[in-house]
Amino acid sequence: MFQNLRLSMAWLHTWFGLVLGFVLMIVFFFGALSVFDREIDRWAIPSSRFEAQPMPSFDQVLKPVFETMQPSAERIDQLRNKVNGPVPTHFTTPSVWGAYTTHRDPVLGLFVGYEVPNAKEHDTRVFALRTIDPRSGASLPDDRLKIGSGFFYPMHYSLTFYWKDVGYWIVGLAALIMLAALVSGVIMHRKLFRELFTFRPNKNKQRSLLDLHNLTGVVALPFHFFFAFTGLVIFAGIYFPITHTQLEPLHELHERLDAEETGLPHDRAGVAAPMASVDAMVVEAQRRWAEKGMAGEVGFLAMRHVGDANGYVSIYRAGTDRIALTGEGIHFKASTGELLREDPPSSAVDSVNEFLTGLHLQHFRHWLLRWLYVLGGLMGCVCIATGFLFFVEKRKRQHAKQGSQGARVVDALAVTTVTGMVVATLGILIANRLLPDSMGAGWPERQAMERYIFWGVWALAMVHAFWRSAPVAQGRLNPAWREQCLAVAGLAVVAVLLNWTTTGDHLLRTLSAGYWPVAGVDLFMLAGAVVALFAARKLKQRTQRAPVLQPESSGPAHA
């Protein structure tokens, strides 16, 4: 099909990158934002703007909250579609209580799982979720969207398209294609070391775009490869599921054997039992961690088979002092506080998996490395965006002569994915500051409205990109690029001003107080506004330079 391997790799790199580059752009951008998802949450929910807190007293703070938690009406309605029999409106026998936090979380996330009778297959639990202030146990409003951890972060790996896990599969396919694109890119560009130091911004547009594409791709090549690979490893359970296959009985047997080996009960005993002091168990767990030279706070605490004689408490350390995602779990009998098990060191295979997962999810304390993650993600965005632009610039004059719309369509989709995505992101942040606390009867929940506004703004950006794409069919630049850059600059400033006017937390106040989570989000948006204005200025200089080309009267059109 091709004269040599290099040409075949160029074809693969171009078309695979084009087809799934739109998905990868979303993954990289929201992955970069997810590095500081908890900080974005604090910006979006002013009631959570206080310093991160350690896990509070279970006996005094958490237990009373757990005892009042019930699944929401929405979750109960969803459950009715999954079970064979009637669904109770009030649940009385919890199977699991759980609390989790990170070193960047001022609030505490709680969940309670209830066993569901007559459940189909493995949907045997319904969960109640709540976010509380760990200082007092007071619940935060349930209708406030955690934009960072509850929307941007899931967008990074699922596109928030959960129907039959289709979003996970699309992102997984994009990650796999990205690995192929990286390998083919290396084969194409034989002089990688030279391209690492080559950027000629004053050359013609195509040459400058290709230099920047090569530079950002080569500099961040290890980052891109590693995160594409580890993302596939983390979600291997979805891509290669055990359930609903012939391996399912073996999987169930393995769980039971593990329970027998560890001494942790797999099932309820059916005998009611009181609960000993969990605070005392936490003190004992911390003492054991300190003896190993791993002193630290509790990151995750769970109680299984609540109120049963087989109930046990699992306490995991917040391992922010290491890369590997491990918790050094210690398990106690819930009714007596007796030590049941202390997790042994991981096997070699588990250790590798924990390291790869921890490096991808970056739960560790290292602010400089976090910013390097953001830089790597944004370099991935630049690499993909310049790839789109180079594709269009290389073909739009030829397509204009032939009367083809291929370059025009690709350009409009690129505008939608690059600048339109940023406009939509700023749109949801502005909506977060403008929407009332209560939406009123007949309106969707507040967090649902924020999501709708995000998708609506993105759809408007796409309409604008296609509407303004006519010059591309004449061999010129789409003015939507410049106009949406100006929109990004304006919306970023508006978001920062709205944060000031609605909360009083202006930059001078947050900077003087050293409250970096909110100050950092504002500064990041203002820096983005400066970059967008610079890009708009450069684009203005190029908008009218290209001559208008008329399409040929006849001849085949090629995309």
# chains A, B, ... in the order shown; residues from 1 in each chain; ligands from 1
$ residues_around --residues "Gly520 in chain A" --least-positions-apart "2" --cutoff "10 Å" --atoms "only C-alpha atoms" --output "VMD selection string"
chain A and resid 36 39 to 40 43 507 510 to 511 515 to 518 522 to 526
$ select_by_dssp --residues "range 442-492 of chain A" --states "alpha helix (DSSP H)" --output "PyMOL selection string"
chain A and resi 446-467+480-492
$ write_last_selection --atoms "C-alpha atoms" --output "short mmCIF file (atom, residue, chain, number, x, y, z; two decimals), in the first residue's frame"
data_model
loop_
_atom_site.label_atom_id
_atom_site.label_comp_id
_atom_site.auth_asym_id
_atom_site.auth_seq_id
_atom_site.Cartn_x
_atom_site.Cartn_y
_atom_site.Cartn_z
CA ARG A 446 -28.90 23.05 40.72
CA GLN A 447 -26.07 20.65 39.85
CA ALA A 448 -28.06 19.34 36.88
CA MET A 449 -28.55 22.90 35.64
CA GLU A 450 -24.81 23.50 35.78
CA ARG A 451 -24.23 20.42 33.65
CA TYR A 452 -26.91 21.47 31.16
CA ILE A 453 -25.33 24.90 30.85
CA PHE A 454 -21.93 23.34 30.19
CA TRP A 455 -23.26 21.20 27.34
CA GLY A 456 -25.42 24.03 26.03
CA VAL A 457 -22.50 26.46 25.86
CA TRP A 458 -20.38 23.82 24.13
CA ALA A 459 -23.14 23.20 21.59
CA LEU A 460 -23.36 26.94 20.90
CA ALA A 461 -19.59 27.04 20.39
CA MET A 462 -19.92 24.25 17.81
CA VAL A 463 -22.71 26.10 15.98
CA HIS A 464 -20.57 29.23 15.94
CA ALA A 465 -17.54 27.29 14.64
CA PHE A 466 -19.49 25.83 11.71
CA TRP A 467 -21.29 29.11 11.00
CA ALA A 480 -14.11 31.55 14.88
CA TRP A 481 -10.64 30.77 16.24
CA ARG A 482 -10.00 34.42 17.09
CA GLU A 483 -13.55 35.13 18.24
CA GLN A 484 -13.62 32.20 20.63
CA CYS A 485 -10.19 33.13 21.98
CA LEU A 486 -11.63 36.57 22.79
CA ALA A 487 -14.61 34.84 24.41
CA VAL A 488 -12.24 32.76 26.55
CA ALA A 489 -10.41 35.89 27.70
CA GLY A 490 -13.62 37.73 28.53
CA LEU A 491 -15.32 34.82 30.29
CA ALA A 492 -12.23 34.09 32.39
#
$ select_by_dssp --residues "range 309-416 of chain A" --states "strand (DSSP E)" --output "ChimeraX atom specification"
/A:312-317,330-333,339-342
$ write_last_selection --atoms "N, CA, C and O atoms" --output "PDB file, in the first residue's frame"
ATOM      1  N   TYR A 312     -16.835  -5.855  61.034  1.00  0.00           N
ATOM      2  CA  TYR A 312     -15.437  -5.492  61.273  1.00  0.00           C
ATOM      3  C   TYR A 312     -15.152  -4.104  60.702  1.00  0.00           C
ATOM      4  O   TYR A 312     -15.844  -3.631  59.785  1.00  0.00           O
ATOM      5  N   VAL A 313     -14.141  -3.470  61.259  1.00  0.00           N
ATOM      6  CA  VAL A 313     -13.757  -2.112  60.893  1.00  0.00           C
ATOM      7  C   VAL A 313     -12.407  -2.167  60.183  1.00  0.00           C
ATOM      8  O   VAL A 313     -11.454  -2.768  60.697  1.00  0.00           O
ATOM      9  N   SER A 314     -12.316  -1.541  59.015  1.00  0.00           N
ATOM     10  CA  SER A 314     -11.065  -1.465  58.243  1.00  0.00           C
ATOM     11  C   SER A 314     -10.587  -0.024  58.235  1.00  0.00           C
ATOM     12  O   SER A 314     -11.339   0.885  57.876  1.00  0.00           O
ATOM     13  N   ILE A 315      -9.347   0.171  58.632  1.00  0.00           N
ATOM     14  CA  ILE A 315      -8.766   1.508  58.715  1.00  0.00           C
ATOM     15  C   ILE A 315      -7.532   1.558  57.817  1.00  0.00           C
ATOM     16  O   ILE A 315      -6.627   0.728  57.952  1.00  0.00           O
ATOM     17  N   TYR A 316      -7.525   2.523  56.891  1.00  0.00           N
ATOM     18  CA  TYR A 316      -6.436   2.639  55.921  1.00  0.00           C
ATOM     19  C   TYR A 316      -5.750   3.989  56.089  1.00  0.00           C
ATOM     20  O   TYR A 316      -6.398   5.015  56.284  1.00  0.00           O
ATOM     21  N   ARG A 317      -4.448   3.950  55.981  1.00  0.00           N
ATOM     22  CA  ARG A 317      -3.643   5.160  56.136  1.00  0.00           C
ATOM     23  C   ARG A 317      -3.719   6.033  54.887  1.00  0.00           C
ATOM     24  O   ARG A 317      -3.803   5.518  53.763  1.00  0.00           O
ATOM     25  N   ILE A 330      -5.544  -1.995  58.388  1.00  0.00           N
ATOM     26  CA  ILE A 330      -5.600  -2.733  59.651  1.00  0.00           C
ATOM     27  C   ILE A 330      -7.075  -2.952  59.970  1.00  0.00           C
ATOM     28  O   ILE A 330      -7.883  -2.016  59.885  1.00  0.00           O
ATOM     29  N   HIS A 331      -7.439  -4.176  60.334  1.00  0.00           N
ATOM     30  CA  HIS A 331      -8.838  -4.561  60.478  1.00  0.00           C
ATOM     31  C   HIS A 331      -9.110  -5.037  61.903  1.00  0.00           C
ATOM     32  O   HIS A 331      -8.343  -5.833  62.467  1.00  0.00           O
ATOM     33  N   PHE A 332     -10.235  -4.573  62.466  1.00  0.00           N
ATOM     34  CA  PHE A 332     -10.604  -4.885  63.845  1.00  0.00           C
ATOM     35  C   PHE A 332     -12.024  -5.461  63.881  1.00  0.00           C
ATOM     36  O   PHE A 332     -12.873  -5.096  63.052  1.00  0.00           O
ATOM     37  N   LYS A 333     -12.274  -6.307  64.856  1.00  0.00           N
ATOM     38  CA  LYS A 333     -13.618  -6.810  65.084  1.00  0.00           C
ATOM     39  C   LYS A 333     -14.466  -5.672  65.648  1.00  0.00           C
ATOM     40  O   LYS A 333     -14.102  -5.035  66.649  1.00  0.00           O
ATOM     41  N   LEU A 339      -7.981  -7.032  67.247  1.00  0.00           N
ATOM     42  CA  LEU A 339      -7.277  -7.006  65.973  1.00  0.00           C
ATOM     43  C   LEU A 339      -7.528  -8.302  65.213  1.00  0.00           C
ATOM     44  O   LEU A 339      -7.270  -9.386  65.725  1.00  0.00           O
ATOM     45  N   LEU A 340      -8.040  -8.184  63.988  1.00  0.00           N
ATOM     46  CA  LEU A 340      -8.284  -9.359  63.157  1.00  0.00           C
ATOM     47  C   LEU A 340      -7.162  -9.581  62.147  1.00  0.00           C
ATOM     48  O   LEU A 340      -6.766 -10.721  61.890  1.00  0.00           O
ATOM     49  N   ARG A 341      -6.653  -8.504  61.585  1.00  0.00           N
ATOM     50  CA  ARG A 341      -5.675  -8.670  60.504  1.00  0.00           C
ATOM     51  C   ARG A 341      -4.939  -7.362  60.269  1.00  0.00           C
ATOM     52  O   ARG A 341      -5.508  -6.275  60.366  1.00  0.00           O
ATOM     53  N   GLU A 342      -3.672  -7.466  59.932  1.00  0.00           N
ATOM     54  CA  GLU A 342      -2.869  -6.351  59.477  1.00  0.00           C
ATOM     55  C   GLU A 342      -2.340  -6.717  58.102  1.00  0.00           C
ATOM     56  O   GLU A 342      -1.644  -7.726  57.946  1.00  0.00           O
TER      57      GLU A 342
END
$ closest_residue --among "A:Phe225, A:Phe28, A:Tyr157, A:Tyr114" --to "Val183 in chain A" --atoms "only C-alpha atoms"
A:Phe225
$ closest_residue --among "A:Ile238, A:Ala318, A:Val382, A:Ala302" --to "Ile26 in chain A" --atoms "only C-alpha atoms"
A:Val382
$ closest_residue --among "A:Pro479, A:Gly380, A:Gly148, A:Pro444" --to "Val521 in chain A" --atoms "only C-alpha atoms"
A:Gly148
$ residues_around --residues "range 163-175 of chain A" --least-positions-apart "4" --cutoff "8 Å" --atoms "only C-alpha atoms" --output "VMD selection string"
chain A and resid 20 to 21 23 to 24 27 157 to 159 179 228 to 229 231 to 232 238 to 239
$ closest_atom_pairs --of "range 260-363 of chain A" --to "range 80-102 of chain A" --cutoff "7 Å" --atoms "only C-alpha atoms" --output "Markdown table"
| residue | atom | partner | partner_atom | distance |
| --- | --- | --- | --- | --- |
| A:Gly299 | CA | A:Thr101 | CA | 5.4 |
| A:Phe300 | CA | A:Tyr100 | CA | 4.4 |
| A:Leu301 | CA | A:Ala99 | CA | 5.3 |
| A:Ala302 | CA | A:Gly98 | CA | 4.2 |
| A:Met303 | CA | A:Trp97 | CA | 5.1 |
| A:Arg304 | CA | A:Val96 | CA | 4.4 |
| A:His305 | CA | A:Ser95 | CA | 4.7 |
| A:Val306 | CA | A:Ser95 | CA | 5.4 |
| A:Ala318 | CA | A:Thr102 | CA | 6.9 |
$ write_last_selection --atoms "N, CA, C and O atoms" --output "compact mmCIF listing (two decimals), in the first residue's frame"
# COMPACT_ATOMS: atom_id res chain seq x y z
N GLY A 299 -7.00 7.90 56.00
CA GLY A 299 -7.52 8.36 54.73
C GLY A 299 -8.85 7.73 54.37
O GLY A 299 -9.69 8.35 53.73
N PHE A 300 -9.06 6.48 54.80
CA PHE A 300 -10.30 5.77 54.49
C PHE A 300 -10.65 4.86 55.66
O PHE A 300 -9.79 4.15 56.18
N LEU A 301 -11.89 4.93 56.06
CA LEU A 301 -12.37 4.11 57.17
C LEU A 301 -13.68 3.49 56.76
O LEU A 301 -14.58 4.19 56.27
N ALA A 302 -13.79 2.18 56.94
CA ALA A 302 -15.02 1.48 56.53
C ALA A 302 -15.41 0.45 57.58
O ALA A 302 -14.54 -0.18 58.20
N MET A 303 -16.71 0.31 57.77
CA MET A 303 -17.25 -0.73 58.65
C MET A 303 -18.18 -1.60 57.83
O MET A 303 -19.13 -1.10 57.22
N ARG A 304 -17.91 -2.91 57.82
CA ARG A 304 -18.71 -3.84 57.05
C ARG A 304 -19.54 -4.71 57.97
O ARG A 304 -19.13 -4.99 59.10
N HIS A 305 -20.69 -5.16 57.47
CA HIS A 305 -21.67 -5.93 58.25
C HIS A 305 -22.05 -5.16 59.51
O HIS A 305 -21.92 -5.64 60.65
N VAL A 306 -22.52 -3.94 59.31
CA VAL A 306 -22.82 -3.04 60.42
C VAL A 306 -23.88 -3.65 61.34
O VAL A 306 -24.91 -4.14 60.88
N ALA A 318 -3.72 7.34 55.07
CA ALA A 318 -3.63 8.27 53.94
C ALA A 318 -2.18 8.32 53.48
O ALA A 318 -1.37 9.05 54.03
$ closest_residue --among "A:Leu221, A:Val282, A:Ala272, A:Met294" --to "Asn310 in chain A" --atoms "only C-alpha atoms"
A:Ala272
